[in-house]
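Listing of entry-v1.txt, compact mmCIF, C-alpha atoms and all ligand atoms
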```txt
# COMPACT_ATOMS: atom_id res chain seq x y z
CA MET A 44 -8.40 16.12 24.63
CA THR A 45 -6.56 16.86 21.40
CA LYS A 46 -4.86 13.87 19.93
CA PRO A 47 -1.22 13.97 18.81
CA LYS A 48 0.03 15.42 15.56
CA ILE A 49 1.02 12.86 12.93
CA LEU A 50 3.06 13.46 9.80
CA ILE A 51 2.03 11.45 6.74
CA THR A 52 4.32 11.33 3.71
CA GLY A 53 2.46 10.50 0.52
CA GLY A 54 -0.76 11.52 2.26
CA CYS A 55 -2.39 12.57 -1.03
CA GLY A 56 -1.79 9.15 -2.61
CA TYR A 57 -4.12 6.17 -2.66
CA ILE A 58 -3.47 4.54 0.72
CA GLY A 59 -2.06 7.63 2.49
CA SER A 60 -5.23 9.62 1.73
CA HIS A 61 -7.50 6.99 3.30
CA VAL A 62 -5.29 6.98 6.41
CA ALA A 63 -5.25 10.80 6.53
CA LYS A 64 -9.05 10.84 6.46
CA LEU A 65 -9.39 8.13 9.11
CA LEU A 66 -6.90 9.81 11.48
CA THR A 67 -8.61 13.19 11.00
CA LYS A 68 -11.97 11.60 11.83
CA LYS A 69 -10.44 10.09 14.96
CA GLY A 70 -9.26 13.52 16.10
CA TYR A 71 -5.58 13.38 15.19
CA GLN A 72 -3.91 16.47 13.75
CA VAL A 73 -2.65 15.46 10.34
CA VAL A 74 0.26 17.03 8.48
CA ILE A 75 1.03 15.80 4.97
CA ILE A 76 4.18 15.96 2.87
CA ASP A 77 3.44 15.01 -0.73
CA ASN A 78 5.01 16.02 -4.05
CA LEU A 79 1.61 15.34 -5.68
CA SER A 80 3.29 13.20 -8.35
CA ALA A 81 0.81 10.31 -8.04
CA THR A 82 -2.44 12.17 -8.54
CA GLY A 83 -1.63 15.86 -8.97
CA LYS A 84 -4.34 16.69 -6.42
CA LYS A 85 -4.49 17.72 -2.79
CA ILE A 86 -6.99 15.97 -0.51
CA PRO A 87 -9.40 17.79 1.83
CA TYR A 88 -7.67 16.48 4.97
CA GLY A 89 -4.61 17.63 6.90
CA LYS A 90 -2.22 20.50 6.42
CA ILE A 91 -0.43 19.81 3.16
CA TYR A 92 3.16 20.69 2.31
CA PRO A 93 3.66 20.06 -1.44
CA ILE A 94 7.34 19.16 -1.27
CA ASP A 95 9.48 16.26 -2.42
CA LEU A 96 11.15 13.99 0.10
CA SER A 97 14.51 14.49 -1.61
CA GLU A 98 14.48 18.06 -0.26
CA GLU A 99 16.03 17.20 3.09
CA LYS A 100 16.35 20.78 4.33
CA GLU A 101 12.68 21.45 3.62
CA ILE A 102 11.70 18.24 5.42
CA ILE A 103 13.70 19.22 8.50
CA LYS A 104 12.03 22.63 8.43
CA VAL A 105 8.55 21.04 8.38
CA LEU A 106 9.43 18.61 11.18
CA LYS A 107 10.84 21.43 13.33
CA GLU A 108 7.83 23.62 12.71
CA GLU A 109 5.13 20.98 13.15
CA LYS A 110 6.80 18.74 15.74
CA PRO A 111 4.76 15.60 14.96
CA GLU A 112 4.89 12.74 17.45
CA ALA A 113 5.05 10.06 14.79
CA VAL A 114 5.71 9.70 11.08
CA MET A 115 3.78 7.41 8.73
CA HIS A 116 5.74 6.93 5.54
CA PHE A 117 3.74 6.08 2.40
CA ALA A 118 5.55 8.13 -0.25
CA ALA A 119 7.23 5.75 -2.68
CA SER A 120 7.38 4.53 -6.25
CA ILE A 121 5.30 1.36 -6.49
CA VAL A 122 5.16 -0.14 -9.97
CA VAL A 123 7.07 -3.43 -10.17
CA PRO A 124 7.80 -3.54 -13.95
CA GLU A 125 8.90 0.11 -13.84
CA SER A 126 11.32 -0.77 -11.03
CA VAL A 127 12.86 -3.43 -13.27
CA ALA A 128 13.30 -0.92 -16.11
CA TYR A 129 14.44 2.04 -13.98
CA PRO A 130 15.99 0.67 -10.78
CA LEU A 131 17.83 3.86 -9.91
CA LYS A 132 14.55 5.79 -9.70
CA TYR A 133 13.38 3.21 -7.14
CA TYR A 134 16.58 3.21 -5.08
CA ARG A 135 16.49 7.03 -5.04
CA ASN A 136 12.80 7.48 -4.21
CA ASN A 137 12.33 4.52 -1.89
CA VAL A 138 15.73 4.07 -0.23
CA GLU A 139 17.65 7.36 -0.44
CA ASN A 140 14.62 9.52 0.36
CA THR A 141 13.58 7.27 3.25
CA LEU A 142 17.09 7.59 4.68
CA LYS A 143 16.79 11.36 4.39
CA LEU A 144 13.46 11.23 6.20
CA LEU A 145 14.88 9.01 8.97
CA SER A 146 17.90 11.32 9.40
CA ALA A 147 15.60 14.33 9.57
CA MET A 148 13.52 12.55 12.23
CA GLU A 149 16.66 11.77 14.21
CA LYS A 150 17.78 15.41 14.06
CA VAL A 151 14.43 16.60 15.37
CA GLY A 152 13.98 13.75 17.86
CA ILE A 153 10.95 11.92 16.42
CA ARG A 154 11.08 8.27 17.41
CA LYS A 155 7.93 6.57 16.12
CA PHE A 156 7.62 5.35 12.55
CA VAL A 157 5.02 3.43 10.57
CA PHE A 158 6.42 2.09 7.32
CA SER A 159 4.57 0.98 4.18
CA SER A 160 6.25 -2.29 3.30
CA SER A 161 5.02 -4.89 0.85
CA ALA A 162 4.45 -8.58 0.34
CA ALA A 163 6.96 -8.05 -2.48
CA VAL A 164 9.70 -8.57 0.14
CA TYR A 165 8.90 -12.31 0.15
CA GLY A 166 9.47 -12.87 -3.57
CA ILE A 167 8.16 -16.35 -4.33
CA PRO A 168 7.48 -17.72 -0.84
CA ASP A 169 7.93 -21.41 0.03
CA THR A 170 5.14 -21.33 2.61
CA VAL A 171 1.60 -20.16 1.79
CA PRO A 172 -0.06 -18.44 3.66
CA VAL A 173 3.28 -16.72 4.23
CA PRO A 174 4.20 -15.80 7.82
CA GLU A 175 6.29 -12.74 8.71
CA GLU A 176 9.21 -15.01 9.68
CA ALA A 177 9.61 -16.25 6.09
CA PRO A 178 12.93 -15.24 4.50
CA LEU A 179 13.08 -11.96 2.62
CA ASN A 180 13.78 -12.89 -0.94
CA PRO A 181 12.53 -10.09 -3.21
CA ILE A 182 12.65 -10.76 -6.93
CA ASN A 183 12.51 -7.21 -8.27
CA PRO A 184 14.07 -3.82 -7.40
CA TYR A 185 10.76 -2.55 -5.92
CA GLY A 186 10.67 -5.42 -3.43
CA ARG A 187 14.37 -4.98 -2.69
CA THR A 188 13.90 -1.30 -1.79
CA LYS A 189 11.23 -2.29 0.75
CA ALA A 190 13.36 -5.13 2.18
CA MET A 191 16.36 -2.79 2.47
CA ILE A 192 14.41 -0.24 4.47
CA GLU A 193 13.06 -2.99 6.73
CA GLU A 194 16.67 -4.06 7.48
CA ILE A 195 17.66 -0.46 8.17
CA LEU A 196 14.69 -0.01 10.50
CA LYS A 197 15.63 -3.18 12.39
CA ASP A 198 19.14 -1.80 12.96
CA LEU A 199 17.82 1.59 14.08
CA SER A 200 15.37 -0.04 16.45
CA GLU A 201 18.04 -2.32 17.92
CA ALA A 202 20.27 0.73 18.39
CA GLY A 203 17.44 2.35 20.38
CA SER A 204 16.96 5.17 17.84
CA LEU A 205 13.27 4.52 17.14
CA ASP A 206 10.33 2.13 17.36
CA TYR A 207 8.59 1.19 14.14
CA ILE A 208 5.90 -0.94 12.62
CA ALA A 209 6.47 -2.18 9.09
CA LEU A 210 3.17 -3.17 7.52
CA ARG A 211 3.59 -5.62 4.66
CA TYR A 212 0.68 -4.91 2.32
CA PHE A 213 -0.71 -7.66 0.15
CA ASN A 214 -2.96 -6.58 -2.78
CA VAL A 215 -4.62 -3.37 -1.74
CA ALA A 216 -7.85 -2.56 -3.58
CA GLY A 217 -11.25 -0.92 -3.19
CA ALA A 218 -12.05 2.67 -2.23
CA ASP A 219 -13.46 4.82 0.55
CA PRO A 220 -16.98 3.43 1.23
CA GLU A 221 -18.16 7.07 1.55
CA GLY A 222 -17.11 7.63 -2.06
CA GLU A 223 -14.80 10.55 -1.31
CA LEU A 224 -11.40 8.95 -1.95
CA GLY A 225 -10.08 6.16 -4.12
CA PRO A 226 -7.24 5.03 -6.35
CA ALA A 227 -6.23 7.71 -8.84
CA TYR A 228 -3.21 6.45 -10.71
CA ASN A 229 -2.32 8.04 -14.04
CA GLN A 230 -1.50 4.69 -15.62
CA PRO A 231 -2.99 1.92 -13.49
CA THR A 232 -1.34 -1.49 -13.65
CA HIS A 233 -3.41 -3.26 -10.98
CA LEU A 234 -5.81 -6.00 -11.98
CA ILE A 235 -9.05 -4.77 -10.39
CA ILE A 236 -8.66 -1.22 -11.68
CA ARG A 237 -7.77 -2.40 -15.19
CA ALA A 238 -10.73 -4.80 -15.21
CA LEU A 239 -13.12 -2.01 -14.13
CA LYS A 240 -11.74 0.35 -16.75
CA THR A 241 -12.24 -2.38 -19.35
CA ALA A 242 -15.87 -2.68 -18.19
CA LYS A 243 -16.09 1.09 -18.73
CA ARG A 244 -14.75 0.56 -22.28
CA GLU A 245 -11.63 2.60 -21.54
CA TYR A 246 -9.65 -0.40 -22.77
CA PRO A 247 -10.78 -2.70 -25.61
CA TYR A 248 -9.96 -5.85 -23.61
CA LEU A 249 -8.39 -7.10 -20.41
CA GLU A 250 -5.26 -9.22 -20.62
CA ILE A 251 -4.76 -12.15 -18.27
CA TYR A 252 -1.03 -12.55 -17.82
CA GLY A 253 -0.43 -16.28 -17.82
CA THR A 254 -2.78 -19.25 -17.51
CA ASP A 255 -0.16 -21.96 -16.91
CA TYR A 256 0.64 -21.31 -13.24
CA PRO A 257 0.48 -24.23 -10.80
CA THR A 258 -2.89 -23.11 -9.41
CA SER A 259 -6.40 -24.54 -9.72
CA ASP A 260 -7.33 -22.53 -12.85
CA GLY A 261 -3.77 -21.73 -13.98
CA THR A 262 -3.89 -18.01 -13.08
CA CYS A 263 -2.10 -16.24 -10.20
CA ILE A 264 -3.69 -16.11 -6.77
CA ARG A 265 -3.60 -12.97 -4.62
CA ASP A 266 -4.87 -11.81 -1.23
CA TYR A 267 -6.95 -8.67 -1.92
CA ILE A 268 -7.38 -6.33 1.07
CA HIS A 269 -9.82 -3.41 1.22
CA VAL A 270 -8.03 -0.07 1.55
CA MET A 271 -10.22 0.94 4.54
CA ASP A 272 -9.29 -2.22 6.45
CA LEU A 273 -5.67 -1.40 5.67
CA ALA A 274 -6.21 2.17 6.89
CA LYS A 275 -7.60 0.74 10.13
CA ALA A 276 -4.49 -1.41 10.51
CA HIS A 277 -2.45 1.82 10.32
CA LEU A 278 -4.55 3.46 13.00
CA LEU A 279 -4.05 0.46 15.30
CA ALA A 280 -0.32 0.40 14.53
CA LEU A 281 -0.08 4.07 15.43
CA GLU A 282 -2.02 3.61 18.68
CA TYR A 283 0.25 0.69 19.55
CA LEU A 284 3.38 2.80 19.04
CA MET A 285 1.87 5.77 20.90
CA SER A 286 1.34 3.51 23.92
CA ASN A 287 5.04 2.59 23.76
CA GLY A 288 4.74 -0.69 21.90
CA LYS A 289 7.97 -2.16 20.58
CA SER A 290 8.97 -2.57 16.96
CA LEU A 291 7.00 -5.05 14.83
CA VAL A 292 6.64 -6.34 11.30
CA LEU A 293 3.07 -7.31 10.33
CA ASN A 294 1.41 -8.80 7.29
CA CYS A 295 -1.72 -7.00 6.09
CA GLY A 296 -4.02 -9.33 4.21
CA TYR A 297 -7.12 -11.44 4.82
CA GLY A 298 -5.46 -14.82 4.43
CA ILE A 299 -7.78 -15.62 1.53
CA GLY A 300 -6.72 -15.93 -2.10
CA PHE A 301 -8.54 -15.30 -5.36
CA SER A 302 -7.27 -16.20 -8.81
CA VAL A 303 -7.14 -13.67 -11.64
CA LYS A 304 -10.01 -15.50 -13.34
CA GLU A 305 -12.10 -15.35 -10.14
CA VAL A 306 -11.47 -11.61 -9.91
CA VAL A 307 -12.50 -11.10 -13.54
CA LYS A 308 -15.68 -13.12 -12.98
CA THR A 309 -16.54 -11.05 -9.89
CA VAL A 310 -15.89 -7.77 -11.72
CA LYS A 311 -18.30 -8.85 -14.47
CA LYS A 312 -20.89 -9.82 -11.85
CA VAL A 313 -20.62 -6.62 -9.78
CA THR A 314 -20.64 -4.29 -12.80
CA ASN A 315 -23.13 -6.43 -14.68
CA ILE A 316 -21.03 -5.78 -17.79
CA ASP A 317 -19.39 -8.39 -19.97
CA PHE A 318 -16.07 -7.51 -21.58
CA LYS A 319 -13.41 -9.12 -23.73
CA VAL A 320 -10.61 -11.01 -22.01
CA VAL A 321 -7.42 -12.06 -23.80
CA GLU A 322 -5.12 -14.68 -22.30
CA THR A 323 -1.49 -13.70 -22.88
CA GLU A 324 2.02 -14.60 -21.70
CA ARG A 325 3.08 -14.46 -18.07
CA ARG A 326 4.14 -11.04 -16.78
CA PRO A 327 7.76 -11.26 -15.54
CA GLY A 328 8.21 -11.29 -11.78
CA ASP A 329 4.72 -12.52 -10.77
CA PRO A 330 4.73 -15.07 -7.93
CA PRO A 331 2.06 -17.77 -8.54
CA VAL A 332 0.42 -17.50 -5.11
CA LEU A 333 0.68 -14.76 -2.49
CA ILE A 334 -1.53 -15.07 0.61
CA ALA A 335 -0.91 -13.53 4.03
CA ASP A 336 -0.70 -15.38 7.30
CA ASN A 337 -2.42 -12.65 9.35
CA LYS A 338 -2.41 -14.25 12.82
CA LYS A 339 0.14 -11.77 14.12
CA ILE A 340 -1.72 -8.56 13.28
CA LYS A 341 -5.00 -10.05 14.53
CA THR A 342 -3.44 -11.11 17.81
CA ILE A 343 -1.17 -8.18 18.59
CA LEU A 344 -3.24 -5.28 17.23
CA SER A 345 -6.68 -6.95 17.55
CA TRP A 346 -7.25 -6.02 13.90
CA GLU A 347 -10.64 -7.18 12.64
CA PRO A 348 -11.40 -6.63 8.96
CA GLU A 349 -14.74 -5.07 8.11
CA PHE A 350 -14.88 -5.33 4.31
CA GLN A 351 -13.62 -8.85 3.82
CA SER A 352 -15.52 -9.70 0.67
CA LEU A 353 -14.17 -9.49 -2.86
CA GLU A 354 -17.57 -8.27 -4.05
CA THR A 355 -17.54 -5.37 -1.58
CA ILE A 356 -13.98 -4.43 -2.56
CA ILE A 357 -14.91 -4.42 -6.23
CA LYS A 358 -18.24 -2.65 -5.60
CA HIS A 359 -16.51 0.24 -3.78
CA ALA A 360 -13.83 0.47 -6.48
CA TRP A 361 -16.58 0.47 -9.13
CA ASP A 362 -18.54 3.25 -7.37
CA TRP A 363 -15.34 5.30 -7.39
CA GLU A 364 -14.50 4.53 -11.05
CA GLN A 365 -17.92 5.65 -12.18
CA LYS A 366 -17.30 9.18 -10.93
CA PHE A 367 -14.98 9.90 -13.85
N1 LIG B 1 -2.92 -9.09 -13.88
C1 LIG B 1 -3.49 -9.47 -15.08
N2 LIG B 1 -3.90 -8.49 -15.94
C2 LIG B 1 -3.77 -7.16 -15.65
C3 LIG B 1 -3.19 -6.79 -14.42
C4 LIG B 1 -2.78 -7.80 -13.57
O1 LIG B 1 -3.61 -10.66 -15.40
O2 LIG B 1 -4.16 -6.32 -16.48
C5 LIG B 1 -2.50 -10.16 -12.94
C6 LIG B 1 -1.07 -10.09 -12.55
O3 LIG B 1 -0.26 -10.79 -13.48
C7 LIG B 1 -1.09 -10.74 -11.18
C8 LIG B 1 -2.45 -10.35 -10.62
O4 LIG B 1 -3.23 -9.98 -11.75
O5 LIG B 1 -1.04 -12.11 -11.30
C9 LIG B 1 -2.40 -9.19 -9.67
O6 LIG B 1 -1.64 -8.15 -10.28
P1 LIG B 1 -1.59 -6.67 -9.74
O7 LIG B 1 -0.74 -5.89 -10.71
O8 LIG B 1 -2.95 -6.19 -9.46
O9 LIG B 1 -0.86 -6.80 -8.35
P2 LIG B 1 0.54 -7.50 -7.99
O10 LIG B 1 0.19 -8.78 -7.31
O11 LIG B 1 1.46 -7.56 -9.12
O12 LIG B 1 1.13 -6.40 -7.06
C10 LIG B 1 1.02 -6.41 -5.69
C11 LIG B 1 1.28 -5.02 -5.16
C12 LIG B 1 2.71 -4.64 -5.37
C13 LIG B 1 3.59 -5.73 -4.80
C14 LIG B 1 3.25 -7.07 -5.40
C15 LIG B 1 4.05 -8.18 -4.79
O13 LIG B 1 0.45 -4.08 -5.79
O14 LIG B 1 2.97 -3.42 -4.72
O15 LIG B 1 1.90 -7.34 -5.16
O16 LIG B 1 4.05 -9.29 -5.65
F1 LIG B 1 4.88 -5.48 -5.09
```

Could you write out this file's structure as structure tokens?
Amino acid sequence: MTKPKILITGGCGYIGSHVAKLLTKKGYQVVIIDNLSATGKKIPYGKIYPIDLSEEKEIIKVLKEEKPEAVMHFAASIVVPESVAYPLKYYRNNVENTLKLLSAMEKVGIRKFVFSSSAAVYGIPDTVPVPEEAPLNPINPYGRTKAMIEEILKDLSEAGSLDYIALRYFNVAGADPEGELGPAYNQPTHLIIRALKTAKREYPYLEIYGTDYPTSDGTCIRDYIHVMDLAKAHLLALEYLMSNGKSLVLNCGYGIGFSVKEVVKTVKKVTNIDFKVVETERRPGDPPVLIADNKKIKTILSWEPEFQSLETIIKHAWDWEQKF
């Protein structure tokens, strides 16, 4: 039996591409809308429409033509410091364009939605590991755009307009274990990618932003999740909605934290390359510790991570990096 058709916005980006591949492998028909701004490249999965989400008429046309049963919405701007410098870009791309997408869905009658949210909605949480019930207290425009859309989705769901799952990603890292897909940012800001590129001598040294945090070694602690485990969470979320599950908000992380120094040490071990590290000032807007309470996703979606080892995450990211 053919599985339903799913529309993926941002399907050529880092996380969207892994989900597009997984859904295709599982027999879903995948349609992608992507302006190709993140990577400039199409992926070998799904039917791709290279359009921007701001083009509402074009989006409605695609939805009418393809009639997908659900929408998974990845397309967004994602760099925290950039959101501080250019907030309007973030409110336009992440809030205005999502509203356009939701209105287009309403016009065409699509009522299932998987949303890429972020741990950034918590800001600096009081409780660690942080549960989904913690207050939303974002500390930068990027996090605020994600929190705003979550509020809008709650209202739409309560009004009976749609059912959604908002997945709050913690620190997504790693690459397709088959080596076909991976992160491809033009100017990466993420720790693991920058550390690997330093090992490759693309950068002269790696900066550690702040060593005076209230943590065991003074550097920030994060919950790194393998992109394929995150892709699997999306598949389960989709299956849940397709079998008429009600709206949910779920953390996506392993519930385990690693400090920046631990990550750097593991990168050196996995690559077997030593590189220069420079300790600098704190980066504005970094919470000291961010770890997911993942009981909810494990219980409700029966999500079981497969690549829950920092070494594996870094190994897969390294395999990918070495292709360029
Ligand atoms: N870091 C360094 N040096 C670098 C890059 C990062 O020391 O060259 C540090 C950061 O200061 C931070 C940690 O490594 O303490 C992780 O930083 P990343 O940039 O890899 O990831 P973030 O935790 O900042 O970002 C993630 C998600 C965002 C989300 C944010 C919420 O990628 O989408 O968590 O805090 F908004």

query = In Å to one decimal, how far is atom CA of A:Val292 from atom CA of A:Ala162?
reply = 11.4 Å

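Identified as lying at most 6 Å from ligand LIG 1 (chain B) when counting all atoms listed in the file are the residues Ile121, Val123, Ser161, Ala162, Ala163, Phe213, Asn214, Thr232, His233, Leu234, Arg237, Leu249, Glu250, Ile251, Tyr252, Cys263, Val303, Arg326 and Asp329 of chain A.
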
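All residues of protein, DNA or RNA that reach within 12 Å of A:Lys143, judged by only C-alpha atoms and not counting those fewer than 3 positions away in the chain, are Asp95, Leu96, Ser97, Glu98, Glu99, Lys100, Glu101, Ile102, Ile103, His116, Arg135, Asn136, Asn137, Val138, Glu139, Asn140, Ser146, Ala147, Met148, Glu149, Lys150 and Ile192 of chain A.
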
Mind dumping the selected residues with C-alpha atoms as a short mmCIF file (atom, residue, chain, number, x, y, z; two decimals), in the coordinates of the input?
```cif
data_model
loop_
_atom_site.label_atom_id
_atom_site.label_comp_id
_atom_site.auth_asym_id
_atom_site.auth_seq_id
_atom_site.Cartn_x
_atom_site.Cartn_y
_atom_site.Cartn_z
CA ASP A 95 9.48 16.26 -2.42
CA LEU A 96 11.15 13.99 0.10
CA SER A 97 14.51 14.49 -1.61
CA GLU A 98 14.48 18.06 -0.26
CA GLU A 99 16.03 17.20 3.09
CA LYS A 100 16.35 20.78 4.33
CA GLU A 101 12.68 21.45 3.62
CA ILE A 102 11.70 18.24 5.42
CA ILE A 103 13.70 19.22 8.50
CA HIS A 116 5.74 6.93 5.54
CA ARG A 135 16.49 7.03 -5.04
CA ASN A 136 12.80 7.48 -4.21
CA ASN A 137 12.33 4.52 -1.89
CA VAL A 138 15.73 4.07 -0.23
CA GLU A 139 17.65 7.36 -0.44
CA ASN A 140 14.62 9.52 0.36
CA SER A 146 17.90 11.32 9.40
CA ALA A 147 15.60 14.33 9.57
CA MET A 148 13.52 12.55 12.23
CA GLU A 149 16.66 11.77 14.21
CA LYS A 150 17.78 15.41 14.06
CA ILE A 192 14.41 -0.24 4.47
#
```

message = Using only C-alpha atoms, which protein or nucleic acid residues come within 10 Å of A:Ile343? Drop anything in the same chain fewer than 6 positions from it, and give the result as a PyMOL selection string.
response = chain A and resi 279-280+283+291+293

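The shortest atom-to-atom distance to A:Pro178, with all atoms listed in the file taken into account, belongs to A:Val164 out of A:Val215, A:Ala119, A:Leu353, A:Val164.
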
task = List the neighbours of stretch 82-89 of chain A out to 9 Å using all atoms listed in the file; skip same-chain residues closer than 4 positions along the sequence, and give me the result as a ChimeraX atom specification.
result = /A:54-57,60,63-64,67,72-75,77-78,93,224,226-229

Preceding selection exported with C-alpha atoms as a PDB file, in the frame of the given file:
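Final file, out_21.pdb:
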```
ATOM      1  CA  GLY A  54      -0.760  11.520   2.260  1.00  0.00           C
ATOM      2  CA  CYS A  55      -2.390  12.570  -1.030  1.00  0.00           C
ATOM      3  CA  GLY A  56      -1.790   9.150  -2.610  1.00  0.00           C
ATOM      4  CA  TYR A  57      -4.120   6.170  -2.660  1.00  0.00           C
ATOM      5  CA  SER A  60      -5.230   9.620   1.730  1.00  0.00           C
ATOM      6  CA  ALA A  63      -5.250  10.800   6.530  1.00  0.00           C
ATOM      7  CA  LYS A  64      -9.050  10.840   6.460  1.00  0.00           C
ATOM      8  CA  THR A  67      -8.610  13.190  11.000  1.00  0.00           C
ATOM      9  CA  GLN A  72      -3.910  16.470  13.750  1.00  0.00           C
ATOM     10  CA  VAL A  73      -2.650  15.460  10.340  1.00  0.00           C
ATOM     11  CA  VAL A  74       0.260  17.030   8.480  1.00  0.00           C
ATOM     12  CA  ILE A  75       1.030  15.800   4.970  1.00  0.00           C
ATOM     13  CA  ASP A  77       3.440  15.010  -0.730  1.00  0.00           C
ATOM     14  CA  ASN A  78       5.010  16.020  -4.050  1.00  0.00           C
ATOM     15  CA  PRO A  93       3.660  20.060  -1.440  1.00  0.00           C
ATOM     16  CA  LEU A 224     -11.400   8.950  -1.950  1.00  0.00           C
ATOM     17  CA  PRO A 226      -7.240   5.030  -6.350  1.00  0.00           C
ATOM     18  CA  ALA A 227      -6.230   7.710  -8.840  1.00  0.00           C
ATOM     19  CA  TYR A 228      -3.210   6.450 -10.710  1.00  0.00           C
ATOM     20  CA  ASN A 229      -2.320   8.040 -14.040  1.00  0.00           C
TER      21      ASN A 229
END
```

So which residues touch stretch 267-276 of chain A within 9 Å, counting only C-alpha atoms, skipping near sequence neighbours fewer than 5 positions away, as a compact mmCIF listing (two decimals) with C-alpha atoms, in the frame of the given file?
```txt
# COMPACT_ATOMS: atom_id res chain seq x y z
CA TYR A 57 -4.12 6.17 -2.66
CA ILE A 58 -3.47 4.54 0.72
CA GLY A 59 -2.06 7.63 2.49
CA HIS A 61 -7.50 6.99 3.30
CA VAL A 62 -5.29 6.98 6.41
CA ALA A 63 -5.25 10.80 6.53
CA LEU A 65 -9.39 8.13 9.11
CA LEU A 66 -6.90 9.81 11.48
CA LEU A 210 3.17 -3.17 7.52
CA TYR A 212 0.68 -4.91 2.32
CA PHE A 213 -0.71 -7.66 0.15
CA ASN A 214 -2.96 -6.58 -2.78
CA VAL A 215 -4.62 -3.37 -1.74
CA ALA A 216 -7.85 -2.56 -3.58
CA GLY A 217 -11.25 -0.92 -3.19
CA ALA A 218 -12.05 2.67 -2.23
CA ASP A 219 -13.46 4.82 0.55
CA PRO A 220 -16.98 3.43 1.23
CA GLY A 225 -10.08 6.16 -4.12
CA LEU A 281 -0.08 4.07 15.43
CA CYS A 295 -1.72 -7.00 6.09
CA GLY A 296 -4.02 -9.33 4.21
CA TYR A 297 -7.12 -11.44 4.82
CA GLY A 298 -5.46 -14.82 4.43
CA ILE A 299 -7.78 -15.62 1.53
CA GLY A 300 -6.72 -15.93 -2.10
CA PHE A 301 -8.54 -15.30 -5.36
CA ILE A 334 -1.53 -15.07 0.61
CA ILE A 340 -1.72 -8.56 13.28
CA LEU A 344 -3.24 -5.28 17.23
CA TRP A 346 -7.25 -6.02 13.90
CA GLU A 347 -10.64 -7.18 12.64
CA PRO A 348 -11.40 -6.63 8.96
CA GLU A 349 -14.74 -5.07 8.11
CA PHE A 350 -14.88 -5.33 4.31
CA GLN A 351 -13.62 -8.85 3.82
CA SER A 352 -15.52 -9.70 0.67
CA LEU A 353 -14.17 -9.49 -2.86
CA THR A 355 -17.54 -5.37 -1.58
CA ILE A 356 -13.98 -4.43 -2.56
```

request  = Write out as a ChimeraX atom specification each polymer residue whose atoms come within 12 Å of A:Ala128, counting all atoms listed in the file; drop sequence neighbours fewer than 3 positions from it.
outcome  = /A:122-125,131-133,183-185,327

Take stretch 179-201 of chain A from the preceding structure and save C-alpha atoms as a short mmCIF file (atom, residue, chain, number, x, y, z; two decimals), in the first residue's frame.
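Full text of decode.cif as output:
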```cif
data_model
loop_
_atom_site.label_atom_id
_atom_site.label_comp_id
_atom_site.auth_asym_id
_atom_site.auth_seq_id
_atom_site.Cartn_x
_atom_site.Cartn_y
_atom_site.Cartn_z
CA LEU A 179 8.90 29.58 27.93
CA ASN A 180 11.42 32.28 28.55
CA PRO A 181 13.51 32.75 25.39
CA ILE A 182 16.46 35.10 25.66
CA ASN A 183 17.02 35.92 22.00
CA PRO A 184 14.87 36.72 18.93
CA TYR A 185 15.48 33.24 17.44
CA GLY A 186 14.04 31.56 20.53
CA ARG A 187 11.18 34.06 20.63
CA THR A 188 10.17 33.24 17.03
CA LYS A 189 9.92 29.55 17.96
CA ALA A 190 7.99 30.28 21.18
CA MET A 191 5.58 32.55 19.27
CA ILE A 192 4.78 29.86 16.72
CA GLU A 193 4.26 27.33 19.52
CA GLU A 194 1.68 29.69 21.10
CA ILE A 195 -0.04 30.17 17.74
CA LEU A 196 -0.16 26.40 17.19
CA LYS A 197 -1.70 25.90 20.63
CA ASP A 198 -4.47 28.38 19.76
CA LEU A 199 -5.10 26.75 16.38
CA SER A 200 -5.23 23.32 17.95
CA GLU A 201 -7.62 24.46 20.68
#
```
